[in-house]
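Printed here is data-v3.txt (compact mmCIF, C-alpha atoms):
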# COMPACT_ATOMS: atom_id res chain seq x y z
CA MET A 1 0.00 0.00 0.00
CA PHE A 2 2.87 2.38 0.87
CA MET A 3 4.64 1.66 -2.43
CA VAL A 4 1.53 2.44 -4.48
CA ALA A 5 0.81 5.64 -2.56
CA SER A 6 4.38 6.91 -2.83
CA SER A 7 4.46 6.02 -6.52
CA VAL A 8 1.29 8.01 -7.18
CA VAL A 9 2.51 11.01 -5.17
CA LEU A 10 5.88 11.10 -6.92
CA THR A 11 4.22 10.70 -10.33
CA VAL A 12 2.01 13.69 -9.59
CA VAL A 13 5.06 15.72 -8.47
CA VAL A 14 6.99 14.74 -11.63
CA LEU A 15 4.08 15.70 -13.90
CA ASN A 16 3.59 18.95 -11.98
CA TYR A 17 7.26 19.89 -12.38
CA HIS A 18 7.32 18.83 -16.02
CA HIS A 19 4.41 21.05 -17.03
CA ARG A 20 5.38 24.20 -15.11
CA THR A 21 5.92 27.39 -17.09
CA ALA A 22 7.82 30.58 -16.41
CA ASP A 23 4.62 32.65 -16.32
CA ILE A 24 3.15 30.81 -13.34
CA HIS A 25 6.06 29.40 -11.34
CA GLU A 26 9.47 30.77 -10.55
CA MET A 27 12.09 28.33 -9.36
CA PRO A 28 13.32 29.12 -5.83
CA PRO A 29 17.09 29.08 -5.29
CA TRP A 30 16.97 26.07 -2.98
CA ILE A 31 15.16 23.99 -5.63
CA LYS A 32 17.78 25.03 -8.19
CA SER A 33 20.53 23.99 -5.82
CA VAL A 34 18.98 20.67 -4.79
CA PHE A 35 17.26 19.45 -7.97
CA LEU A 36 19.51 20.96 -10.65
CA GLN A 37 22.94 20.57 -9.02
CA TRP A 38 23.35 18.27 -6.04
CA LEU A 39 20.85 15.47 -6.69
CA PRO A 40 21.90 15.05 -10.34
CA TRP A 41 25.53 14.91 -9.19
CA ILE A 42 24.70 12.30 -6.51
CA LEU A 43 22.59 10.26 -8.97
CA ARG A 44 25.26 10.59 -11.71
CA MET A 45 22.84 12.24 -14.10
CA GLY A 46 23.94 14.36 -17.02
CA ARG A 47 22.33 17.32 -18.66
CA PRO A 48 22.76 17.98 -22.37
CA GLY A 49 25.31 20.73 -22.91
CA ARG A 50 26.22 20.98 -19.23
CA LYS A 51 28.63 18.93 -17.21
CA ILE A 52 27.57 18.33 -13.62
CA THR A 53 30.51 17.85 -11.28
CA ARG A 54 31.29 19.10 -7.81
CA LYS A 55 33.67 21.66 -9.27
CA THR A 56 31.05 23.06 -11.70
CA ILE A 57 28.50 23.28 -8.89
CA ILE A 58 30.87 25.34 -6.73
CA LEU A 59 31.90 27.51 -9.69
CA SER A 60 28.30 28.18 -10.69
CA ASN A 61 27.51 29.31 -7.13
CA ARG A 62 30.48 31.70 -7.24
CA MET A 63 29.38 32.99 -10.64
CA LYS A 64 25.92 33.76 -9.27
CA GLU A 65 27.50 35.83 -6.51
CA LEU A 66 29.56 37.75 -9.07
CA GLU A 67 26.49 38.34 -11.26
CA LEU A 68 24.70 39.94 -8.34
CA LYS A 69 27.62 42.33 -7.88
CA GLU A 70 27.78 43.12 -11.59
CA ARG A 71 24.10 44.00 -11.88
CA SER A 72 24.80 47.31 -10.22
CA SER A 73 27.15 48.33 -13.01
CA LYS A 74 25.90 48.53 -16.58
CA SER A 75 27.61 47.24 -19.64
CA LEU A 76 28.41 49.44 -22.60
CA LEU A 77 25.52 48.04 -24.60
CA ALA A 78 23.09 48.70 -21.76
CA ASN A 79 24.33 52.29 -21.55
CA VAL A 80 23.83 52.74 -25.28
CA LEU A 81 20.36 51.23 -25.27
CA ASP A 82 19.20 53.19 -22.21
CA ILE A 83 19.83 56.66 -23.65
CA ASP A 84 16.84 58.93 -23.88
CA ASP A 85 16.45 61.91 -26.18
CA ASP A 86 20.13 62.72 -26.47
CA PHE A 87 20.06 63.59 -30.15
CA ARG A 88 21.24 67.19 -29.87
CA HIS A 89 23.68 67.26 -32.76
CA PRO A 90 21.95 69.10 -35.59
CA CYS A 91 23.37 68.70 -39.07
CA SER A 92 25.82 71.44 -39.87
CA GLY A 93 26.44 72.99 -43.22
CA ILE A 94 24.12 74.33 -45.86
CA SER A 95 22.28 71.91 -48.02
CA GLY A 96 20.00 72.42 -50.91
CA SER A 97 17.10 70.76 -52.61
CA THR A 98 17.21 69.96 -56.28
CA THR A 99 14.08 70.04 -58.40
CA ALA A 100 13.86 69.00 -62.04
CA ILE A 101 11.12 70.65 -64.07
CA GLY A 102 11.03 69.93 -67.76
CA GLY A 103 14.65 69.75 -68.86
CA SER A 104 16.10 72.31 -66.46
CA VAL A 105 17.31 71.75 -62.90
CA PHE A 106 16.64 74.30 -60.15
CA THR A 107 18.59 74.28 -56.90
CA ARG A 108 17.16 76.05 -53.88
CA LEU A 109 19.10 76.59 -50.66
CA THR A 110 17.24 75.43 -47.57
CA THR A 111 16.84 77.69 -44.60
CA VAL A 112 18.14 76.90 -41.12
CA GLU A 113 14.56 76.29 -39.91
CA GLU A 114 13.94 73.74 -42.66
CA GLN A 115 17.21 71.99 -41.83
CA ASN A 116 16.29 71.81 -38.15
CA ALA A 117 12.79 70.55 -38.98
CA SER A 118 14.15 67.80 -41.22
CA ALA A 119 16.89 66.96 -38.69
CA GLY A 120 14.30 66.82 -35.91
CA CYS A 121 12.21 64.45 -37.97
CA THR A 122 15.25 62.29 -38.57
CA HIS A 123 16.19 62.33 -34.89
CA LYS A 124 12.61 61.53 -33.94
CA ASP A 125 12.72 58.58 -36.35
CA LEU A 126 16.04 57.43 -34.87
CA HIS A 127 14.58 57.67 -31.39
CA HIS A 128 11.56 55.62 -32.48
CA ILE A 129 13.84 53.00 -34.06
CA LEU A 130 15.90 52.87 -30.86
CA LYS A 131 12.78 52.31 -28.76
CA GLU A 132 11.65 49.51 -31.10
CA LEU A 133 15.07 47.86 -30.86
CA GLN A 134 14.91 48.04 -27.08
CA PHE A 135 11.47 46.43 -27.14
CA ILE A 136 12.63 43.62 -29.42
CA THR A 137 15.78 43.03 -27.36
CA ASN A 138 13.82 42.89 -24.11
CA ARG A 139 11.29 40.51 -25.68
CA MET A 140 14.06 38.18 -26.88
CA LYS A 141 15.78 38.21 -23.49
CA LYS A 142 12.50 37.41 -21.76
CA ALA A 143 11.79 34.55 -24.19
CA ASP A 144 15.27 33.09 -23.60
CA GLU A 145 14.86 33.32 -19.82
CA GLU A 146 11.44 31.64 -20.01
CA ALA A 147 12.78 28.83 -22.20
CA GLU A 148 15.66 28.26 -19.79
CA LEU A 149 13.30 28.18 -16.80
CA ILE A 150 11.01 25.68 -18.54
CA SER A 151 14.05 23.53 -19.32
CA ASP A 152 15.11 23.72 -15.67
CA TRP A 153 11.69 22.56 -14.49
CA LYS A 154 11.74 19.64 -16.94
CA PHE A 155 15.19 18.60 -15.76
CA ALA A 156 14.03 18.84 -12.12
CA ALA A 157 11.15 16.52 -13.07
CA MET A 158 13.64 14.06 -14.58
CA VAL A 159 15.69 14.13 -11.36
CA VAL A 160 12.63 13.48 -9.17
CA ASP A 161 11.57 10.70 -11.54
CA ARG A 162 15.00 9.08 -11.23

Write the structure described by the file as structure tokens, please.
Amino acid sequence: MFMVASSVVLTVVVLNYHHRTADIHEMPPWIKSVFLQWLPWILRMGRPGRKITRKTIILSNRMKELELKERSSKSLLANVLDIDDDFRHPCSGISGSTTAIGGSVFTRLTTVEEQNASAGCTHKDLHHILKELQFITNRMKKADEEAELISDWKFAAMVVDR
């Protein structure tokens, strides 16, 4: 009776872990440590693309500590992507517009106001493009993190099943 009950309970736990998603469940640090590092090492389980040894477990814990310290400082790319409206470099020089009517070409010098208006439009477009790139980058990072979390839950289910 005990064997059947424990088998049913562990099967439910395995199925629960296997079907967890990043939207609903976050993996606590103690579960990551126990089910993704120490139990697989004790049970001699492997994970595709990752080698699980005592040395890698200790190194990964040290890397997590370093990542927490590094989060306070931004990388160069983060600094570039977090700029706001810092497009204050108007185009210098005099430009002109060329119009072809019939067979003759007329060139008209543009005024400073027209240059600033066209430069402002260009800077506004660049700012819009930058915002879109930030959105896409954040979306891709979030999708990668969710996929990794789902993979972690599935591996934890494999460990419990073992």

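Of the residues under consideration (A:Met45, A:Arg20, A:Ser7, A:Ser33), A:Met45 shows the shortest atom-to-atom contact distance to Met158 (chain A) when counting all atoms listed in the file.
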
**Request:** Would you mind listing what lies within 12 Å of Leu39 (chain A) as a PyMOL selection string, with all atoms listed in the file counted and same-chain residues fewer than 5 positions away left out?
**Result:** chain A and resi 30-34+44-46+52-54+57+155-162

**Message:** Rounded to one decimal, what separation in Å do you get between CA of Glu67 (chain A) and CA of Lys141 (chain A)?
**Reply:** 16.3 Å

**Item:** Point-to-point distance in Å for CA of Pro48 (chain A) and CA of Ala143 (chain A)
**Value:** 20.0 Å

Step by step, gather every atom of region 13-32 of chain A that the file lists, find the box along x, y and z that holds them, add 8 Å on each side, and finally give centre and edge lengths in Å to one decimal, as AutoDock Vina command-line options.
--center_x 10.5 --center_y 23.7 --center_z -10.0 --size_x 30.6 --size_y 33.9 --size_z 30.1

**Message:** I'd like to know which of A:Ile42, A:Leu126, A:Met1, A:Leu149 is closest to His19 (chain A), using only C-alpha atoms.
**Reply:** A:Leu149

**Request:** Measure the distance from CA of Trp38 (chain A) to CA of Lys51 (chain A) in Å and round it to one decimal.
**Result:** 12.4 Å
